[in-house]
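The data block below is entry-v8.cif; it holds mmCIF, C-alpha atoms.
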data_input
loop_
_atom_site.label_atom_id
_atom_site.label_comp_id
_atom_site.auth_asym_id
_atom_site.auth_seq_id
_atom_site.Cartn_x
_atom_site.Cartn_y
_atom_site.Cartn_z
CA MET J 1 27.93 11.67 -37.74
CA MET J 2 25.05 11.94 -35.27
CA GLU J 3 24.51 15.68 -35.84
CA GLY J 4 21.02 15.56 -34.34
CA PHE J 5 22.07 13.74 -31.15
CA THR J 6 20.60 15.49 -28.07
CA PRO J 7 21.63 13.36 -25.08
CA TYR J 8 20.75 15.71 -22.22
CA SER J 9 17.23 16.61 -23.31
CA ALA J 10 16.68 12.93 -24.17
CA ILE J 11 17.67 11.80 -20.66
CA LEU J 12 15.64 14.57 -18.99
CA GLY J 13 12.58 13.99 -21.15
CA GLY J 14 12.83 10.24 -20.62
CA ALA J 15 13.07 10.72 -16.85
CA LEU J 16 9.87 12.80 -16.93
CA ILE J 17 8.07 10.04 -18.86
CA GLY J 18 9.33 7.49 -16.33
CA LEU J 19 8.22 9.73 -13.44
CA SER J 20 4.76 10.01 -14.96
CA ALA J 21 4.52 6.19 -15.20
CA ALA J 22 5.80 5.76 -11.63
CA LEU J 23 3.29 8.32 -10.31
CA LEU J 24 0.28 6.78 -12.06
CA TRP J 25 1.24 3.32 -10.77
CA ILE J 26 1.92 4.27 -7.15
CA ALA J 27 -1.00 6.70 -6.87
CA ASN J 28 -3.68 4.92 -8.89
CA GLY J 29 -2.30 1.46 -9.68
CA ARG J 30 -2.61 2.09 -13.41
CA ILE J 31 -0.25 1.61 -16.33
CA ALA J 32 0.64 4.84 -18.17
CA GLY J 33 0.09 3.41 -21.63
CA ILE J 34 -1.34 6.01 -23.98
CA SER J 35 -3.04 3.63 -26.42
CA GLY J 36 -4.66 1.75 -23.52
CA ILE J 37 -5.83 4.95 -21.83
CA VAL J 38 -7.32 6.29 -25.10
CA GLY J 39 -8.74 2.92 -26.17
CA GLY J 40 -10.35 2.43 -22.76
CA ILE J 41 -12.26 5.68 -23.21
CA LEU J 42 -13.87 4.47 -26.44
CA ALA J 43 -15.62 1.68 -24.51
CA PRO J 44 -15.20 2.54 -20.81
CA ALA J 45 -16.18 0.27 -17.96
CA ARG J 46 -18.32 1.92 -15.28
CA GLY J 47 -16.42 4.59 -13.32
CA ASP J 48 -13.36 4.08 -15.48
CA ALA J 49 -13.56 7.03 -17.86
CA ALA J 50 -12.87 10.01 -15.57
CA TRP J 51 -9.22 9.26 -14.72
CA ARG J 52 -8.49 8.53 -18.36
CA ALA J 53 -10.01 11.86 -19.40
CA THR J 54 -8.05 13.82 -16.77
CA PHE J 55 -4.80 12.06 -17.73
CA LEU J 56 -5.39 13.03 -21.36
CA ALA J 57 -6.31 16.58 -20.32
CA GLY J 58 -2.94 16.85 -18.57
CA LEU J 59 -1.16 15.38 -21.58
CA ILE J 60 -2.78 17.92 -23.89
CA ALA J 61 -2.31 20.85 -21.50
CA ALA J 62 1.45 20.27 -21.11
CA PRO J 63 2.51 21.42 -24.60
CA LEU J 64 0.22 24.47 -24.41
CA LEU J 65 1.74 25.63 -21.12
CA TYR J 66 5.22 24.83 -22.40
CA ARG J 67 4.61 27.02 -25.43
CA ALA J 68 2.93 29.75 -23.32
CA ALA J 69 6.08 29.81 -21.15
CA GLY J 70 7.97 30.86 -24.26
CA ARG J 71 10.01 27.68 -24.64
CA ALA J 72 11.12 26.69 -28.15
CA LEU J 73 9.18 23.75 -29.59
CA PRO J 74 10.70 20.80 -31.47
CA ASP J 75 10.28 20.65 -35.25
CA LEU J 76 6.70 19.45 -35.82
CA THR J 77 6.90 19.17 -39.62
CA MET J 78 5.36 15.99 -41.03
CA PRO J 79 7.52 14.68 -43.87
CA ALA J 80 5.05 12.02 -45.06
CA PRO J 81 2.18 12.73 -47.51
CA LEU J 82 -1.39 12.85 -46.21
CA MET J 83 -2.52 9.44 -47.48
CA VAL J 84 0.44 7.84 -45.73
CA VAL J 85 -0.52 9.66 -42.52
CA VAL J 86 -4.04 8.21 -42.77
CA ALA J 87 -2.72 4.68 -43.35
CA ALA J 88 -0.25 5.04 -40.48
CA GLY J 89 -2.96 6.28 -38.12
CA LEU J 90 -5.18 3.29 -38.94
CA LEU J 91 -2.27 0.87 -38.42
CA VAL J 92 -1.23 2.47 -35.13
CA GLY J 93 -4.80 2.54 -33.81
CA PHE J 94 -5.66 -1.03 -34.76
CA GLY J 95 -2.20 -2.45 -34.01
CA THR J 96 -1.85 -0.95 -30.54
CA ARG J 97 -5.26 -2.31 -29.49
CA LEU J 98 -4.62 -5.75 -31.00
CA GLY J 99 -1.16 -5.85 -29.39
CA SER J 100 -2.36 -4.30 -26.09
CA GLY J 101 0.08 -1.41 -26.03
CA CYS J 102 2.43 1.06 -27.67
CA THR J 103 5.77 2.71 -26.94
CA SER J 104 4.62 3.85 -23.49
CA GLY J 105 2.68 0.82 -22.24
CA HIS J 106 5.01 -1.87 -23.59
CA GLY J 107 8.19 0.13 -24.26
CA VAL J 108 8.41 2.02 -20.96
CA CYS J 109 6.07 0.47 -18.36
CA GLY J 110 6.28 -3.12 -19.60
CA ILE J 111 10.05 -3.22 -19.85
CA ALA J 112 10.33 -1.51 -16.44
CA ARG J 113 8.16 -4.32 -15.05
CA LEU J 114 10.31 -6.90 -16.89
CA SER J 115 7.23 -8.24 -18.64
CA PRO J 116 8.15 -10.88 -21.25
CA ARG J 117 5.13 -9.86 -23.35
CA SER J 118 6.28 -6.24 -23.42
CA LEU J 119 9.89 -7.17 -24.20
CA ALA J 120 8.61 -9.22 -27.16
CA ALA J 121 6.20 -6.51 -28.34
CA THR J 122 8.82 -3.76 -28.04
CA SER J 123 11.37 -5.81 -30.00
CA VAL J 124 8.80 -6.48 -32.71
CA PHE J 125 7.61 -2.88 -33.13
CA LEU J 126 11.13 -1.46 -33.06
CA ILE J 127 12.17 -3.92 -35.78
CA THR J 128 9.13 -3.41 -38.02
CA ALA J 129 9.41 0.38 -37.60
CA ALA J 130 13.12 0.37 -38.54
CA VAL J 131 12.45 -1.94 -41.51
CA THR J 132 9.58 0.33 -42.63
CA VAL J 133 11.85 3.38 -42.50
CA TYR J 134 14.57 1.50 -44.38
CA VAL J 135 12.17 0.43 -47.13
CA ALA J 136 10.52 3.86 -47.36
CA ARG J 137 13.72 5.89 -47.40
CA HIS J 138 16.32 3.69 -49.01
CA ILE J 139 14.35 1.41 -51.35
CA VAL J 140 11.16 3.26 -52.33
CA GLY J 141 12.81 6.65 -51.85
CA LEU J 142 9.93 8.45 -50.09
CA MET O 143 -10.67 13.50 -6.39
CA THR O 144 -7.07 12.77 -5.41
CA LYS O 145 -7.16 9.95 -7.95
CA LEU O 146 -8.13 12.36 -10.70
CA LEU O 147 -5.52 14.93 -9.65
CA ALA O 148 -2.84 12.23 -9.74
CA ALA O 149 -3.98 11.23 -13.23
CA LEU O 150 -3.92 14.88 -14.33
CA ALA O 151 -0.40 15.37 -12.95
CA SER O 152 0.79 12.13 -14.52
CA GLY O 153 -0.58 13.11 -17.93
CA PHE O 154 0.94 16.57 -17.63
CA ILE O 155 4.40 15.23 -16.73
CA PHE O 156 4.14 12.70 -19.57
CA GLY O 157 3.34 15.44 -22.08
CA LEU O 158 6.21 17.54 -20.79
CA GLY O 159 8.56 14.56 -21.20
CA LEU O 160 7.45 14.02 -24.80
CA ILE O 161 8.20 17.66 -25.66
CA VAL O 162 11.49 17.94 -23.76
CA SER O 163 12.75 14.71 -25.34
CA ALA O 164 11.52 15.94 -28.79
CA MET O 165 9.61 12.68 -29.35
CA VAL O 166 6.76 14.85 -30.67
CA SER O 167 8.90 15.60 -33.72
CA PRO O 168 8.30 13.10 -36.57
CA SER O 169 11.68 13.93 -38.15
CA LYS O 170 13.46 13.27 -34.81
CA VAL O 171 11.75 9.89 -34.39
CA LEU O 172 12.38 8.90 -38.03
CA ALA O 173 16.05 9.90 -37.68
CA PHE O 174 16.24 7.41 -34.78
CA LEU O 175 14.43 4.63 -36.68
CA ASP O 176 16.69 5.15 -39.73
CA VAL O 177 19.38 2.93 -38.22
CA THR O 178 21.41 2.40 -41.39
CA SER O 179 21.80 6.12 -42.08
CA PRO O 180 25.23 7.71 -41.48
CA SER O 181 23.36 10.50 -39.65
CA TRP O 182 21.53 8.07 -37.31
CA ASP O 183 20.24 9.89 -34.21
CA PRO O 184 20.44 7.63 -31.12
CA SER O 185 18.70 10.14 -28.81
CA LEU O 186 15.58 7.99 -28.44
CA VAL O 187 17.64 5.14 -27.00
CA LEU O 188 18.45 7.46 -24.12
CA VAL O 189 14.81 8.54 -23.80
CA LEU O 190 13.75 4.92 -23.48
CA VAL O 191 16.56 3.89 -21.11
CA SER O 192 16.04 6.90 -18.87
CA ALA O 193 12.25 6.41 -18.80
CA VAL O 194 12.58 2.69 -18.05
CA ILE O 195 15.01 3.27 -15.15
CA VAL O 196 12.80 5.88 -13.46
CA ALA O 197 9.62 3.86 -14.08
CA ALA O 198 11.32 0.72 -12.72
CA LEU O 199 12.08 2.58 -9.48
CA GLY O 200 8.38 3.43 -9.28
CA PHE O 201 7.30 -0.16 -9.83
CA ALA O 202 9.85 -1.32 -7.23
CA LEU O 203 8.32 1.12 -4.73
CA GLY O 204 4.88 -0.21 -5.66
CA ARG O 205 5.94 -3.77 -4.81
CA ARG O 206 6.45 -2.69 -1.19
CA ARG O 207 2.78 -1.72 -0.93
CA THR O 208 -0.33 -3.86 -0.92
CA ALA O 209 -2.39 -1.18 -2.65
CA PRO O 210 -1.80 2.11 -4.49
CA LEU O 211 -2.32 5.41 -2.64
CA PHE O 212 -5.68 6.41 -4.10
CA ALA O 213 -7.19 3.18 -5.45
CA ALA O 214 -8.21 -0.19 -4.00
CA THR O 215 -5.89 -2.38 -6.07
CA PHE O 216 -2.98 -2.34 -8.49
CA ASN O 217 -4.50 -2.81 -11.91
CA GLY O 218 -1.69 -4.24 -14.01
CA PRO O 219 -1.93 -6.53 -17.03
CA SER O 220 -2.67 -10.16 -16.16
CA ASN O 221 -2.23 -11.74 -19.60
CA ARG O 222 1.06 -13.64 -19.85
CA ALA O 223 0.68 -15.32 -23.24
CA LEU O 224 3.09 -14.51 -26.05
CA ASP O 225 0.35 -14.94 -28.62
CA GLY O 226 -0.28 -13.99 -32.22
CA LYS O 227 -2.44 -11.01 -31.27
CA LEU O 228 0.43 -9.45 -29.31
CA LEU O 229 3.02 -9.99 -32.03
CA VAL O 230 0.84 -9.11 -35.04
CA GLY O 231 -0.49 -6.04 -33.22
CA ALA O 232 3.03 -4.89 -32.34
CA ALA O 233 4.17 -5.47 -35.95
CA LEU O 234 1.28 -3.41 -37.39
CA PHE O 235 1.91 -0.64 -34.87
CA GLY O 236 5.61 -0.60 -35.79
CA ILE O 237 4.82 -0.24 -39.49
CA GLY O 238 2.52 2.71 -38.79
CA TRP O 239 5.09 4.28 -36.45
CA GLY O 240 7.83 3.88 -39.07
CA LEU O 241 5.68 5.36 -41.86
CA VAL O 242 5.23 8.76 -40.19
CA GLY O 243 7.11 8.87 -36.87
CA TYR O 244 4.02 9.25 -34.67
CA CYS O 245 3.06 6.92 -31.85
CA PRO O 246 -0.12 7.68 -29.85
CA GLY O 247 1.29 10.01 -27.14
CA PRO O 248 3.34 12.29 -29.41
CA ALA O 249 0.47 12.46 -31.92
CA LEU O 250 -1.87 13.77 -29.18
CA VAL O 251 0.72 16.33 -28.03
CA ALA O 252 1.36 17.46 -31.62
CA LEU O 253 -2.41 17.70 -32.13
CA SER O 254 -2.64 19.95 -29.09
CA LEU O 255 0.00 22.21 -30.66
CA GLY O 256 -2.08 22.47 -33.82
CA ALA O 257 -0.03 20.30 -36.17
CA PRO O 258 -2.42 19.57 -39.10
CA ALA O 259 -0.97 16.10 -39.83
CA ALA O 260 -1.50 15.15 -36.18
CA LEU O 261 -5.24 15.85 -36.50
CA VAL O 262 -5.47 13.53 -39.51
CA PHE O 263 -3.34 10.90 -37.75
CA VAL O 264 -5.37 10.96 -34.51
CA MET O 265 -8.70 10.72 -36.40
CA ALA O 266 -7.39 7.71 -38.33
CA MET O 267 -5.96 6.22 -35.10
CA LEU O 268 -9.37 6.50 -33.39
CA VAL O 269 -10.99 4.81 -36.40
CA GLY O 270 -8.40 2.02 -36.12
CA MET O 271 -9.03 1.63 -32.39
CA GLY O 272 -12.80 1.74 -32.91
CA SER O 273 -12.70 -0.89 -35.64
CA PHE O 274 -10.73 -3.18 -33.34
CA ALA O 275 -13.37 -2.70 -30.62
CA LEU O 276 -16.14 -3.50 -33.12
CA LEU O 277 -14.31 -6.59 -34.34
CA GLU O 278 -13.89 -7.81 -30.75
CA ARG O 279 -17.59 -7.25 -30.06
CA TYR O 280 -18.53 -9.12 -33.25
CA ARG O 281 -16.29 -12.04 -32.32
CA ALA O 282 -17.63 -12.11 -28.75
CA ALA O 283 -21.19 -12.16 -30.11
CA ARG O 284 -20.39 -15.07 -32.43
CA VAL O 285 -18.81 -17.04 -29.63
CA GLY O 286 -21.80 -16.27 -27.41
CA SER O 287 -24.45 -17.40 -29.93
#
Is it possible to give me this structure as structure tokens?
Amino acid sequence: MMEGFTPYSAILGGALIGLSAALLWIANGRIAGISGIVGGILAPARGDAAWRATFLAGLIAAPLLYRAAGRALPDLTMPAPLMVVVAAGLLVGFGTRLGSGCTSGHGVCGIARLSPRSLAATSVFLITAAVTVYVARHIVGL
Amino acid sequence: MTKLLAALASGFIFGLGLIVSAMVSPSKVLAFLDVTSPSWDPSLVLVLVSAVIVAALGFALGRRRTAPLFAATFNGPSNRALDGKLLVGAALFGIGWGLVGYCPGPALVALSLGAPAALVFVMAMLVGMGSFALLERYRAARVGS
């Protein structure tokens, strides 16, 4: 039962994600939603690209410094085959833009703001993700 | 400049959180989403709860101010409609998330660490985002004509 359960690192990591969202809101008045920040760079409004680029630079630098500091990394193995990865990427890209957010924008920031839209979106993507895993693992047997 | 430094720090702390919480690991995320499994891993519930509590404190602090520190206005979402776009988009995202265990943030962090699948995922994700932007532009043009 629950052999992979890591409560302390989960709470600490979650607190860091929450801190990042709080900082971006109080400092810049922006929502720390990754799909929105990336999507906004693809078609940026005037003067709106630089903060997105620096946020993403920080996001990408963090794991490199973490690794350089000699800390052990989580298991990065991808269990799914390549064609499934492509399909998933397309669905995540299109779906997060159509639905205006992902786990960070809706799941963290939206719920913290008690947004009804984000509560609905988070419920929907948690359910479809769990159903997808159920079908893939226990019915199709991927 | 301060605005960009704040964005850099925020992104950095976010990336650190994704690694510390192990959300960058597809197998960790899939073990959480596999709710009927006897070896279900509830760690991500704690990640979400912890993140929401700290973020909510930040938003509560923000409500005491008329403007953010380094920008003219708070730039939050204004749309309030529970419409089909929101729900269909969230459903499609959930299917993609459940297929491989990557959402956008962890995929970018895994890409930075050189995970080959993350490169493929992020390229496909950008194509998905780009095709949505094209579709929106096409629809806007049709409405405009």
Need the shell around region 277-281 of chain O: protein/DNA/RNA residues with any atom at most 12 Å away, counting all atoms listed in the file. Skip same-chain ones fewer than 5 positions apart. Format as a ChimeraX atom specification?
/J:43,94,97-98 /O:227,270-272,286-287
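With CA of Gly58 (chain J) on one side and CA of Ala148 (chain O) on the other, the separation reads 10.0 Å.
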Compare J:Cys109, J:Leu119, J:Val86, J:Ile26 by their minimum atom-to-atom distance to Met265 (chain O), counting only C-alpha atoms, and give me the closest one.
J:Val86
d(CA of Leu73 (chain J), CA of Arg137 (chain J)) in Å:
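Between these atoms lies a distance of 25.6 Å.
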For Gly95 (chain J), work out the shell of residues within 8 Å, counting only C-alpha atoms and skipping chain neighbours fewer than 6 positions away, then give it as a ChimeraX atom specification.
/O:230-235,270
Name the residues, using the chain letters and numbers of the file, that sit within 10 Å of (3.3, -0.5, -43.7) when counting all atoms listed in the file, and give them as an NGL selection string.
(:J and (84 or 87-88 or 91 or 128-129 or 131-133 or 135-136)) or (:O and (233-241))
Run the PyMOL selection byres ((chain O and resi 185) around 12) on the file and write out the hits as a ChimeraX atom specification.
/J:2-14 /O:162-165,170-175,177,181-184,186-192
Generate a file for region 16-56 of chain J, containing C-alpha atoms, as a PDB file, in the first residue's frame.
ATOM      1  CA  LEU J  16       7.458  26.311  -3.546  1.00  0.00           C
ATOM      2  CA  ILE J  17       4.967  26.211  -6.437  1.00  0.00           C
ATOM      3  CA  GLY J  18       2.502  28.224  -4.341  1.00  0.00           C
ATOM      4  CA  LEU J  19       5.242  30.710  -3.406  1.00  0.00           C
ATOM      5  CA  SER J  20       6.110  31.165  -7.069  1.00  0.00           C
ATOM      6  CA  ALA J  21       2.445  31.903  -7.889  1.00  0.00           C
ATOM      7  CA  ALA J  22       2.141  34.316  -4.941  1.00  0.00           C
ATOM      8  CA  LEU J  23       5.327  36.146  -5.976  1.00  0.00           C
ATOM      9  CA  LEU J  24       4.309  36.559  -9.617  1.00  0.00           C
ATOM     10  CA  TRP J  25       0.885  37.882  -8.572  1.00  0.00           C
ATOM     11  CA  ILE J  26       2.064  40.347  -5.917  1.00  0.00           C
ATOM     12  CA  ALA J  27       5.104  41.546  -7.882  1.00  0.00           C
ATOM     13  CA  ASN J  28       3.741  41.624 -11.428  1.00  0.00           C
ATOM     14  CA  GLY J  29      -0.001  40.996 -11.155  1.00  0.00           C
ATOM     15  CA  ARG J  30       0.253  37.918 -13.354  1.00  0.00           C
ATOM     16  CA  ILE J  31      -1.066  34.384 -13.045  1.00  0.00           C
ATOM     17  CA  ALA J  32       1.655  31.705 -12.889  1.00  0.00           C
ATOM     18  CA  GLY J  33       0.007  29.413 -15.410  1.00  0.00           C
ATOM     19  CA  ILE J  34       2.576  27.636 -17.536  1.00  0.00           C
ATOM     20  CA  SER J  35       0.378  26.986 -20.579  1.00  0.00           C
ATOM     21  CA  GLY J  36      -0.757  30.626 -20.586  1.00  0.00           C
ATOM     22  CA  ILE J  37       2.794  31.939 -20.232  1.00  0.00           C
ATOM     23  CA  VAL J  38       4.054  29.703 -23.071  1.00  0.00           C
ATOM     24  CA  GLY J  39       0.985  30.257 -25.267  1.00  0.00           C
ATOM     25  CA  GLY J  40       1.248  34.025 -24.813  1.00  0.00           C
ATOM     26  CA  ILE J  41       4.775  33.933 -26.230  1.00  0.00           C
ATOM     27  CA  LEU J  42       3.591  32.326 -29.473  1.00  0.00           C
ATOM     28  CA  ALA J  43       1.495  35.431 -30.230  1.00  0.00           C
ATOM     29  CA  PRO J  44       2.657  38.103 -27.763  1.00  0.00           C
ATOM     30  CA  ALA J  45       0.998  41.466 -27.312  1.00  0.00           C
ATOM     31  CA  ARG J  46       3.373  44.432 -27.430  1.00  0.00           C
ATOM     32  CA  GLY J  47       5.755  44.519 -24.445  1.00  0.00           C
ATOM     33  CA  ASP J  48       4.336  41.266 -23.144  1.00  0.00           C
ATOM     34  CA  ALA J  49       6.972  38.757 -24.234  1.00  0.00           C
ATOM     35  CA  ALA J  50       9.960  39.671 -22.030  1.00  0.00           C
ATOM     36  CA  TRP J  51       8.524  38.675 -18.636  1.00  0.00           C
ATOM     37  CA  ARG J  52       7.242  35.427 -20.104  1.00  0.00           C
ATOM     38  CA  ALA J  53      10.690  34.630 -21.507  1.00  0.00           C
ATOM     39  CA  THR J  54      12.446  35.390 -18.206  1.00  0.00           C
ATOM     40  CA  PHE J  55       9.910  33.309 -16.243  1.00  0.00           C
ATOM     41  CA  LEU J  56      10.575  30.378 -18.587  1.00  0.00           C
TER      42      LEU J  56
END
